[in-house]
Amino acid sequence: MARNRGDKEEGPEKLMGLLKLVQILSLLVIFVAGVILGLATSSHINHYFTSQAQLFLTNNIASAKLSDNNCTVVKPREKVDFLNMERFVHPDNVIHSMTDDQVFWRASLLPQKKGYPFDRVPKVAFMFLTRGPLPLLPLWERFFRGHDQYFSIYVHNPHDYVLNVSSDSPFYGRMIPSKDVEWGSVSLVDAEKRLLANALLDFSNERFVLLSESCIPIYNFPTVYKYLIRSEYSFVESYDEPSRYGRGRYSRKMLPDIHLYQWRKGSQWFEIQRDLAVYIVSDTKYYSIFKKYCRPACYPDEHFIPTYLNMFHGSLNSNRSVTWVDWSIGGPHPATYSGGNITEDFIQSIRNNGTQCSYNSEMTSVCYLFARKFAPSALVPLLSLTSTVMEF
């Protein structure tokens, strides 16, 4: 009887053990299934992101597909060096979107390391401040011919004017971002600084000469180049004028920064070396004073640079201009010469006018390299004298 009761008690215990075994097996099956599903999902995700990465890389490669049976060869895009040294030191295009403040800042960068990490051939930057057309363009094109590696050209026009020249002209594509200029106002100084700043972006430019559309060269290019590059001084007219046309334009409101004894006057048409060009475009303090207090009948283009150089860099300046101008007729504007005035004797009289000037601490009779003002009608007779008188 006892055995039978034990058999009855063991039956439920065996059933419970089987149920637990089934539960364990079920959990094991679910776990294994989860592992398999997880691995499959992970593999799919990896495959997805790998394919997307390959697709991204493929889309950024300019592929040239060469069919050869079932093979496709993908050629990588040519690398573009956006920090190219050549492009940095010798910008191949003067067009840019920088503001005046941005280009002045960029131009004011002065390397502290001596020497240059490239073969530098010093150039002369010819900066033309014009009111539009260049009527004497053929004369300048003949002057520059054959000397491409020794000069750069920069043209400042009214902002809406387009200078149309042939693609083989040295003036082609040399119009800098410009703004309108009003005669007698500080906007003339703005234009001068704009030209200097854009020219300073080319690290090979060593000398900077400001010219107008009515200027002409009176010597050939090799003579002008050697004269400027070999000079130890800049050529900015800067003198003390006691009359109302000089000291009379000074404002006591410029005190205490600018004193009357520092005040200078001079021709707008300057030629300066690179270091001085950097100083001029870097200045904001004295420019701001002139902008505020030098108003008609004070003309900033005749006083700002002469005064600034006299105050801080007088030892680097020759205090004379290399551009000849005839003020003998009196009045606010110099004489203008037309076609009927142009003769061999006239050009020779400018080149050899009997005056002596200092050049690198020695006296010379070659004092002027350029002359103004010349009317459009002077072009043809000037071209006829280039080979016999000006030698280009």
# chains A, B, ... in the order shown; residues from 1 in each chain; ligands from 1
>>> residues_around(residues="His147 in chain A", least_positions_apart="4", cutoff="10 Å", atoms="only C-alpha atoms", output="PDB file with N, CA, C and O atoms, in the first residue's frame")
ATOM      1  N   PHE A 143      55.019  99.974 -74.741  1.00  0.00           N
ATOM      2  CA  PHE A 143      56.018 100.158 -73.676  1.00  0.00           C
ATOM      3  C   PHE A 143      56.261  98.846 -72.922  1.00  0.00           C
ATOM      4  O   PHE A 143      57.404  98.491 -72.605  1.00  0.00           O
ATOM      5  N   PHE A 151      56.722  93.176 -64.587  1.00  0.00           N
ATOM      6  CA  PHE A 151      55.719  94.174 -64.221  1.00  0.00           C
ATOM      7  C   PHE A 151      54.377  93.515 -63.931  1.00  0.00           C
ATOM      8  O   PHE A 151      54.106  92.380 -64.344  1.00  0.00           O
ATOM      9  N   PHE A 221      61.095 100.676 -71.159  1.00  0.00           N
ATOM     10  CA  PHE A 221      60.847  99.890 -69.955  1.00  0.00           C
ATOM     11  C   PHE A 221      62.127  99.514 -69.203  1.00  0.00           C
ATOM     12  O   PHE A 221      62.163  99.655 -67.969  1.00  0.00           O
ATOM     13  N   PRO A 222      63.178  99.014 -69.856  1.00  0.00           N
ATOM     14  CA  PRO A 222      64.386  98.653 -69.104  1.00  0.00           C
ATOM     15  C   PRO A 222      64.959  99.821 -68.294  1.00  0.00           C
ATOM     16  O   PRO A 222      65.417  99.628 -67.160  1.00  0.00           O
ATOM     17  N   TYR A 225      62.557 100.396 -65.284  1.00  0.00           N
ATOM     18  CA  TYR A 225      62.655  99.283 -64.332  1.00  0.00           C
ATOM     19  C   TYR A 225      63.935  99.386 -63.495  1.00  0.00           C
ATOM     20  O   TYR A 225      63.885  99.293 -62.256  1.00  0.00           O
TER      21      TYR A 225
END
>>> residues_around(residues="range 316-322 of chain A", least_positions_apart="2", cutoff="7 Å", atoms="only C-alpha atoms", output="short mmCIF file (atom, residue, chain, number, x, y, z; two decimals) with N, CA, C and O atoms, in the first residue's frame")
data_model
loop_
_atom_site.label_atom_id
_atom_site.label_comp_id
_atom_site.auth_asym_id
_atom_site.auth_seq_id
_atom_site.Cartn_x
_atom_site.Cartn_y
_atom_site.Cartn_z
N TYR A 233 65.40 104.72 -52.32
CA TYR A 233 64.37 105.60 -51.77
C TYR A 233 63.09 105.54 -52.59
O TYR A 233 63.09 105.13 -53.76
N SER A 234 62.01 105.97 -51.97
CA SER A 234 60.74 106.13 -52.69
C SER A 234 60.68 107.54 -53.27
O SER A 234 61.47 108.42 -52.90
N PHE A 235 59.72 107.75 -54.16
CA PHE A 235 59.60 109.04 -54.84
C PHE A 235 58.21 109.63 -54.57
O PHE A 235 57.27 109.43 -55.34
N VAL A 236 58.11 110.33 -53.45
CA VAL A 236 56.86 111.00 -53.07
C VAL A 236 57.19 112.47 -52.80
O VAL A 236 58.00 112.78 -51.94
N GLU A 237 56.56 113.34 -53.56
CA GLU A 237 56.77 114.78 -53.34
C GLU A 237 56.17 115.16 -52.00
O GLU A 237 54.99 114.90 -51.73
N SER A 238 56.98 115.76 -51.14
CA SER A 238 56.53 116.12 -49.79
C SER A 238 57.28 117.37 -49.35
O SER A 238 58.48 117.33 -49.11
N PHE A 270 52.60 109.30 -57.01
CA PHE A 270 53.76 108.83 -56.25
C PHE A 270 54.35 107.55 -56.82
O PHE A 270 53.75 106.88 -57.68
N HIS A 313 58.28 108.05 -41.90
CA HIS A 313 59.21 107.33 -42.77
C HIS A 313 59.96 108.28 -43.71
O HIS A 313 60.29 107.92 -44.84
N GLY A 314 60.23 109.47 -43.23
CA GLY A 314 60.89 110.46 -44.07
C GLY A 314 62.25 110.04 -44.57
O GLY A 314 62.67 110.42 -45.68
N TRP A 324 56.53 114.08 -64.35
CA TRP A 324 56.62 115.49 -64.73
C TRP A 324 55.22 116.05 -65.01
O TRP A 324 54.39 115.43 -65.66
N CYS A 367 65.58 112.84 -63.92
CA CYS A 367 64.73 113.09 -62.76
C CYS A 367 63.30 112.62 -62.96
O CYS A 367 62.59 112.36 -61.98
N TYR A 368 62.85 112.52 -64.22
CA TYR A 368 61.48 112.12 -64.49
C TYR A 368 61.45 110.89 -65.40
O TYR A 368 62.24 110.78 -66.34
N LEU A 369 60.52 109.98 -65.10
CA LEU A 369 60.32 108.78 -65.91
C LEU A 369 58.99 108.80 -66.65
O LEU A 369 58.82 108.12 -67.65
N PHE A 370 58.06 109.61 -66.14
CA PHE A 370 56.72 109.71 -66.71
C PHE A 370 56.33 111.18 -66.83
O PHE A 370 56.99 112.05 -66.23
#
>>> select_by_dssp(residues="range 278-381 of chain A", states="strand (DSSP E)", output="PyMOL selection string")
chain A and resi 323-325+357-359+362-364+370-372
>>> closest_residue(among="A:Asp92, A:Glu192, A:Glu86, A:Glu141", to="Leu211 in chain A", atoms="only C-alpha atoms")
A:Glu192
>>> select_by_dssp(residues="range 106-313 of chain A", states="alpha helix (DSSP H)", output="number ranges by chain")
A: 106-107, 137-144, 187-200, 221-229, 274-282, 285-293, 300-312
>>> residues_around(residues="Asp100 in chain A", least_positions_apart="3", cutoff="10 Å", atoms="only C-alpha atoms", output="ChimeraX atom specification")
/A:97,103-106,177-178,190-191,193-194,197-198
>>> write_last_selection(atoms="C-alpha atoms", output="PDB file, in the first residue's frame")
ATOM      1  CA  SER A  97      34.907  89.359 -53.353  1.00  0.00           C
ATOM      2  CA  VAL A 103      41.881  93.323 -48.654  1.00  0.00           C
ATOM      3  CA  PHE A 104      43.669  95.998 -46.562  1.00  0.00           C
ATOM      4  CA  TRP A 105      44.099  93.459 -43.760  1.00  0.00           C
ATOM      5  CA  ARG A 106      45.343  90.801 -46.166  1.00  0.00           C
ATOM      6  CA  PRO A 177      37.169  95.713 -57.625  1.00  0.00           C
ATOM      7  CA  SER A 178      36.611  99.476 -57.647  1.00  0.00           C
ATOM      8  CA  ASP A 190      40.570 105.222 -50.808  1.00  0.00           C
ATOM      9  CA  ALA A 191      41.253 104.412 -54.454  1.00  0.00           C
ATOM     10  CA  LYS A 193      44.954 102.452 -50.970  1.00  0.00           C
ATOM     11  CA  ARG A 194      42.742 100.018 -52.895  1.00  0.00           C
ATOM     12  CA  ALA A 197      46.437  96.706 -51.369  1.00  0.00           C
ATOM     13  CA  ASN A 198      45.570  94.687 -54.456  1.00  0.00           C
TER      14      ASN A 198
END
>>> closest_atom_pairs(of="range 130-202 of chain A", to="range 378-382 of chain A", cutoff="12 Å", atoms="only C-alpha atoms", output="JSON lines")
{"residue": "A:Leu134", "atom": "CA", "partner": "A:Leu379", "partner_atom": "CA", "distance": 10.8}
{"residue": "A:Pro135", "atom": "CA", "partner": "A:Leu379", "partner_atom": "CA", "distance": 7.6}
{"residue": "A:Leu136", "atom": "CA", "partner": "A:Leu379", "partner_atom": "CA", "distance": 5.8}
{"residue": "A:Leu137", "atom": "CA", "partner": "A:Leu379", "partner_atom": "CA", "distance": 8.7}
{"residue": "A:Pro138", "atom": "CA", "partner": "A:Leu379", "partner_atom": "CA", "distance": 8.0}
{"residue": "A:Leu139", "atom": "CA", "partner": "A:Leu379", "partner_atom": "CA", "distance": 7.1}
{"residue": "A:Trp140", "atom": "CA", "partner": "A:Leu379", "partner_atom": "CA", "distance": 10.3}
{"residue": "A:Arg142", "atom": "CA", "partner": "A:Leu382", "partner_atom": "CA", "distance": 11.2}
{"residue": "A:Phe143", "atom": "CA", "partner": "A:Leu382", "partner_atom": "CA", "distance": 11.7}
>>> atom_distance(atom1="CA of Val278 in chain A", atom2="CA of Ser108 in chain A")
5.3 Å
>>> closest_residue(among="A:Trp183, A:Tyr293, A:Tyr116, A:Tyr150", to="Leu129 in chain A", atoms="only C-alpha atoms")
A:Trp183
>>> closest_atom_pairs(of="range 295-384 of chain A", to="range 261-265 of chain A", cutoff="12 Å", atoms="only C-alpha atoms", output="tab-separated table")
residue	atom	partner	partner_atom	distance
A:Cys298	CA	A:Lys265	CA	10.3
A:Tyr299	CA	A:Lys265	CA	9.5
A:Pro300	CA	A:Lys265	CA	9.5
A:Asp301	CA	A:Lys265	CA	9.1
A:Glu302	CA	A:Lys265	CA	5.6
A:His303	CA	A:Lys265	CA	4.8
A:Phe304	CA	A:Arg264	CA	8.1
A:Ile305	CA	A:Lys265	CA	8.7
A:Pro306	CA	A:Arg264	CA	5.6
A:Thr307	CA	A:Arg264	CA	4.7
A:Tyr308	CA	A:Arg264	CA	8.5
A:Leu309	CA	A:Arg264	CA	9.2
A:Asn310	CA	A:Gln262	CA	6.9
A:Met311	CA	A:Gln262	CA	6.3
A:Phe312	CA	A:Gln262	CA	10.0
A:Gly314	CA	A:Gln262	CA	10.9
A:Asn319	CA	A:Lys265	CA	10.4
A:Arg320	CA	A:Lys265	CA	11.3
>>> residues_around(residues="range 199-204 of chain A", least_positions_apart="6", cutoff="8 Å", atoms="only C-alpha atoms", output="CSV table (one decimal) with N, CA, C and O atoms, in the first residue's frame")
chain,number,residue,atom,x,y,z
A,88,PHE,N,49.2,81.7,-53.9
A,88,PHE,CA,49.2,82.6,-52.8
A,88,PHE,C,50.1,83.8,-53.0
A,88,PHE,O,49.8,84.9,-52.7
A,89,VAL,N,51.3,83.5,-53.5
A,89,VAL,CA,52.3,84.6,-53.7
A,89,VAL,C,52.1,85.3,-55.0
A,89,VAL,O,52.6,86.5,-55.1
A,90,HIS,N,51.5,84.7,-56.0
A,90,HIS,CA,51.3,85.3,-57.3
A,90,HIS,C,49.9,85.1,-57.7
A,90,HIS,O,49.6,84.2,-58.6
A,91,PRO,N,48.9,85.8,-57.2
A,91,PRO,CA,47.5,85.6,-57.6
A,91,PRO,C,47.4,85.8,-59.1
A,91,PRO,O,47.9,86.8,-59.7
A,106,ARG,N,44.5,91.8,-45.5
A,106,ARG,CA,45.3,90.8,-46.2
A,106,ARG,C,46.6,91.4,-46.7
A,106,ARG,O,47.7,90.8,-46.6
A,107,ALA,N,46.6,92.6,-47.2
A,107,ALA,CA,47.8,93.2,-47.8
A,107,ALA,C,48.7,93.7,-46.7
A,107,ALA,O,49.9,93.9,-47.0
A,120,ARG,N,62.3,84.7,-56.5
A,120,ARG,CA,61.6,85.9,-56.6
A,120,ARG,C,62.3,86.9,-57.6
A,120,ARG,O,63.4,87.3,-57.4
A,121,VAL,N,61.6,87.3,-58.6
A,121,VAL,CA,62.0,88.3,-59.5
A,121,VAL,C,61.2,89.6,-59.2
A,121,VAL,O,60.0,89.6,-59.4
A,122,PRO,N,61.9,90.6,-58.7
A,122,PRO,CA,61.1,91.8,-58.3
A,122,PRO,C,60.5,92.5,-59.5
A,122,PRO,O,61.0,92.6,-60.5
A,123,LYS,N,59.2,92.9,-59.2
A,123,LYS,CA,58.4,93.5,-60.3
A,123,LYS,C,58.0,94.9,-59.9
A,123,LYS,O,58.0,95.3,-58.7
A,125,ALA,N,54.8,97.4,-60.0
A,125,ALA,CA,53.4,97.4,-60.1
A,125,ALA,C,52.9,98.8,-60.7
A,125,ALA,O,53.2,99.8,-60.1
A,152,SER,N,53.5,94.2,-63.2
A,152,SER,CA,52.1,93.9,-63.0
A,152,SER,C,51.3,95.2,-63.2
A,152,SER,O,51.8,96.3,-63.0
A,154,TYR,N,47.5,97.1,-62.6
A,154,TYR,CA,46.2,97.2,-61.8
A,154,TYR,C,45.5,98.5,-62.3
A,154,TYR,O,46.1,99.6,-62.3
A,274,ARG,N,58.0,98.6,-51.4
A,274,ARG,CA,57.0,97.7,-50.8
A,274,ARG,C,56.7,98.0,-49.3
A,274,ARG,O,55.6,98.0,-48.9
A,277,ALA,N,54.4,100.8,-48.9
A,277,ALA,CA,53.1,100.5,-49.3
A,277,ALA,C,52.3,99.8,-48.2
A,277,ALA,O,51.1,100.0,-48.0
A,278,VAL,N,53.0,98.8,-47.5
A,278,VAL,CA,52.4,98.1,-46.4
A,278,VAL,C,52.0,99.0,-45.3
A,278,VAL,O,50.9,98.9,-44.7
>>> residues_around(residues="Met127 in chain A", least_positions_apart="4", cutoff="7 Å", atoms="only C-alpha atoms", output="list in words")
Ile153, Tyr154, Val155, Leu195, Val209, Leu210 and Leu211 of chain A
>>> write_last_selection(atoms="N, CA, C and O atoms", output="PDB file, in the first residue's frame")
ATOM      1  N   ILE A 153      50.077  94.982 -63.693  1.00  0.00           N
ATOM      2  CA  ILE A 153      49.198  96.114 -63.991  1.00  0.00           C
ATOM      3  C   ILE A 153      47.926  95.999 -63.160  1.00  0.00           C
ATOM      4  O   ILE A 153      47.354  94.914 -63.027  1.00  0.00           O
ATOM      5  N   TYR A 154      47.486  97.144 -62.616  1.00  0.00           N
ATOM      6  CA  TYR A 154      46.248  97.207 -61.839  1.00  0.00           C
ATOM      7  C   TYR A 154      45.495  98.461 -62.280  1.00  0.00           C
ATOM      8  O   TYR A 154      46.076  99.550 -62.326  1.00  0.00           O
ATOM      9  N   VAL A 155      44.222  98.307 -62.595  1.00  0.00           N
ATOM     10  CA  VAL A 155      43.421  99.425 -63.096  1.00  0.00           C
ATOM     11  C   VAL A 155      42.229  99.648 -62.172  1.00  0.00           C
ATOM     12  O   VAL A 155      41.488  98.710 -61.859  1.00  0.00           O
ATOM     13  N   LEU A 195      44.295 100.320 -54.734  1.00  0.00           N
ATOM     14  CA  LEU A 195      45.277  99.879 -55.728  1.00  0.00           C
ATOM     15  C   LEU A 195      46.509  99.280 -55.052  1.00  0.00           C
ATOM     16  O   LEU A 195      47.009  98.221 -55.439  1.00  0.00           O
ATOM     17  N   VAL A 209      53.935 102.303 -58.627  1.00  0.00           N
ATOM     18  CA  VAL A 209      53.845 103.633 -59.214  1.00  0.00           C
ATOM     19  C   VAL A 209      52.392 103.937 -59.573  1.00  0.00           C
ATOM     20  O   VAL A 209      51.701 103.110 -60.178  1.00  0.00           O
ATOM     21  N   LEU A 210      51.920 105.123 -59.169  1.00  0.00           N
ATOM     22  CA  LEU A 210      50.539 105.541 -59.439  1.00  0.00           C
ATOM     23  C   LEU A 210      50.514 106.429 -60.679  1.00  0.00           C
ATOM     24  O   LEU A 210      51.256 107.412 -60.772  1.00  0.00           O
ATOM     25  N   LEU A 211      49.624 106.080 -61.616  1.00  0.00           N
ATOM     26  CA  LEU A 211      49.520 106.787 -62.890  1.00  0.00           C
ATOM     27  C   LEU A 211      48.050 107.063 -63.205  1.00  0.00           C
ATOM     28  O   LEU A 211      47.159 106.443 -62.637  1.00  0.00           O
TER      29      LEU A 211
END
>>> atom_distance(atom1="CA of Asn220 in chain A", atom2="CA of Phe392 in chain A")
5.2 Å
>>> atom_distance(atom1="CA of Gly266 in chain A", atom2="CA of Thr364 in chain A")
21.5 Å
>>> decode(residues="range 195-207 of chain A", atoms="all heavy atoms", output="mmCIF file, in the first residue's frame")
data_model
loop_
_atom_site.group_PDB
_atom_site.id
_atom_site.type_symbol
_atom_site.label_atom_id
_atom_site.label_comp_id
_atom_site.auth_asym_id
_atom_site.auth_seq_id
_atom_site.Cartn_x
_atom_site.Cartn_y
_atom_site.Cartn_z
ATOM 1 N N LEU A 195 44.295 100.320 -54.734
ATOM 2 C CA LEU A 195 45.277 99.879 -55.728
ATOM 3 C C LEU A 195 46.509 99.280 -55.052
ATOM 4 O O LEU A 195 47.009 98.221 -55.439
ATOM 5 C CB LEU A 195 45.677 101.051 -56.624
ATOM 6 C CG LEU A 195 44.691 101.430 -57.726
ATOM 7 C CD1 LEU A 195 44.987 102.834 -58.265
ATOM 8 C CD2 LEU A 195 44.746 100.411 -58.869
ATOM 9 N N LEU A 196 47.020 99.959 -54.029
ATOM 10 C CA LEU A 196 48.195 99.456 -53.312
ATOM 11 C C LEU A 196 47.911 98.090 -52.693
ATOM 12 O O LEU A 196 48.733 97.161 -52.790
ATOM 13 C CB LEU A 196 48.607 100.445 -52.215
ATOM 14 C CG LEU A 196 49.343 101.708 -52.658
ATOM 15 C CD1 LEU A 196 49.504 102.662 -51.480
ATOM 16 C CD2 LEU A 196 50.710 101.365 -53.252
ATOM 17 N N ALA A 197 46.761 97.956 -52.044
ATOM 18 C CA ALA A 197 46.437 96.706 -51.369
ATOM 19 C C ALA A 197 46.348 95.546 -52.346
ATOM 20 O O ALA A 197 46.874 94.453 -52.091
ATOM 21 C CB ALA A 197 45.129 96.858 -50.588
ATOM 22 N N ASN A 198 45.678 95.757 -53.468
ATOM 23 C CA ASN A 198 45.570 94.687 -54.456
ATOM 24 C C ASN A 198 46.927 94.334 -55.060
ATOM 25 O O ASN A 198 47.208 93.164 -55.320
ATOM 26 C CB ASN A 198 44.579 95.087 -55.553
ATOM 27 C CG ASN A 198 43.133 94.895 -55.134
ATOM 28 O OD1 ASN A 198 42.575 93.811 -55.280
ATOM 29 N ND2 ASN A 198 42.525 95.943 -54.585
ATOM 30 N N ALA A 199 47.759 95.335 -55.258
ATOM 31 C CA ALA A 199 49.097 95.068 -55.804
ATOM 32 C C ALA A 199 49.985 94.355 -54.790
ATOM 33 O O ALA A 199 50.840 93.550 -55.157
ATOM 34 C CB ALA A 199 49.744 96.378 -56.256
ATOM 35 N N LEU A 200 49.784 94.620 -53.508
ATOM 36 C CA LEU A 200 50.582 93.977 -52.465
ATOM 37 C C LEU A 200 50.291 92.486 -52.350
ATOM 38 O O LEU A 200 51.105 91.729 -51.797
ATOM 39 C CB LEU A 200 50.329 94.646 -51.116
ATOM 40 C CG LEU A 200 51.073 95.964 -50.873
ATOM 41 C CD1 LEU A 200 50.495 96.681 -49.654
ATOM 42 C CD2 LEU A 200 52.562 95.728 -50.692
ATOM 43 N N LEU A 201 49.158 92.031 -52.846
ATOM 44 C CA LEU A 201 48.833 90.608 -52.778
ATOM 45 C C LEU A 201 49.818 89.774 -53.587
ATOM 46 O O LEU A 201 49.982 88.585 -53.324
ATOM 47 C CB LEU A 201 47.405 90.364 -53.275
ATOM 48 C CG LEU A 201 46.282 91.032 -52.471
ATOM 49 C CD1 LEU A 201 44.925 90.648 -53.033
ATOM 50 C CD2 LEU A 201 46.370 90.667 -50.992
ATOM 51 N N ASP A 202 50.454 90.371 -54.570
ATOM 52 C CA ASP A 202 51.520 89.695 -55.324
ATOM 53 C C ASP A 202 52.845 89.995 -54.637
ATOM 54 O O ASP A 202 53.313 91.131 -54.649
ATOM 55 C CB ASP A 202 51.541 90.186 -56.772
ATOM 56 C CG ASP A 202 52.490 89.369 -57.648
ATOM 57 O OD1 ASP A 202 53.489 88.831 -57.115
ATOM 58 O OD2 ASP A 202 52.242 89.276 -58.861
ATOM 59 N N PHE A 203 53.442 88.979 -54.030
ATOM 60 C CA PHE A 203 54.644 89.183 -53.232
ATOM 61 C C PHE A 203 55.871 89.539 -54.078
ATOM 62 O O PHE A 203 56.899 89.924 -53.529
ATOM 63 C CB PHE A 203 54.940 87.930 -52.401
ATOM 64 C CG PHE A 203 54.105 87.827 -51.163
ATOM 65 C CD1 PHE A 203 52.791 87.382 -51.234
ATOM 66 C CD2 PHE A 203 54.607 88.196 -49.931
ATOM 67 C CE1 PHE A 203 52.007 87.293 -50.099
ATOM 68 C CE2 PHE A 203 53.831 88.111 -48.782
ATOM 69 C CZ PHE A 203 52.526 87.659 -48.878
ATOM 70 N N SER A 204 55.777 89.443 -55.387
ATOM 71 C CA SER A 204 56.903 89.815 -56.240
ATOM 72 C C SER A 204 56.916 91.306 -56.561
ATOM 73 O O SER A 204 57.920 91.831 -57.029
ATOM 74 C CB SER A 204 56.888 89.007 -57.547
ATOM 75 O OG SER A 204 57.246 87.665 -57.301
ATOM 76 N N ASN A 205 55.810 91.980 -56.330
ATOM 77 C CA ASN A 205 55.773 93.424 -56.573
ATOM 78 C C ASN A 205 56.615 94.140 -55.524
ATOM 79 O O ASN A 205 56.334 94.058 -54.331
ATOM 80 C CB ASN A 205 54.336 93.938 -56.531
ATOM 81 C CG ASN A 205 53.546 93.528 -57.761
ATOM 82 O OD1 ASN A 205 54.109 93.323 -58.832
ATOM 83 N ND2 ASN A 205 52.243 93.392 -57.614
ATOM 84 N N GLU A 206 57.627 94.859 -55.979
ATOM 85 C CA GLU A 206 58.563 95.535 -55.085
ATOM 86 C C GLU A 206 58.411 97.051 -55.120
ATOM 87 O O GLU A 206 58.642 97.724 -54.128
ATOM 88 C CB GLU A 206 59.994 95.148 -55.445
ATOM 89 C CG GLU A 206 61.056 95.717 -54.527
ATOM 90 C CD GLU A 206 60.914 95.250 -53.077
ATOM 91 O OE1 GLU A 206 60.429 94.126 -52.857
ATOM 92 O OE2 GLU A 206 61.293 96.017 -52.170
ATOM 93 N N ARG A 207 58.050 97.591 -56.272
ATOM 94 C CA ARG A 207 57.856 99.040 -56.414
ATOM 95 C C ARG A 207 56.454 99.291 -56.959
ATOM 96 O O ARG A 207 55.910 98.489 -57.728
ATOM 97 C CB ARG A 207 58.903 99.637 -57.363
ATOM 98 C CG ARG A 207 60.339 99.296 -57.055
ATOM 99 C CD ARG A 207 60.869 99.939 -55.790
ATOM 100 N NE ARG A 207 60.845 101.393 -55.819
ATOM 101 C CZ ARG A 207 61.661 102.157 -55.094
ATOM 102 N NH1 ARG A 207 62.576 101.595 -54.294
ATOM 103 N NH2 ARG A 207 61.570 103.472 -55.131
#
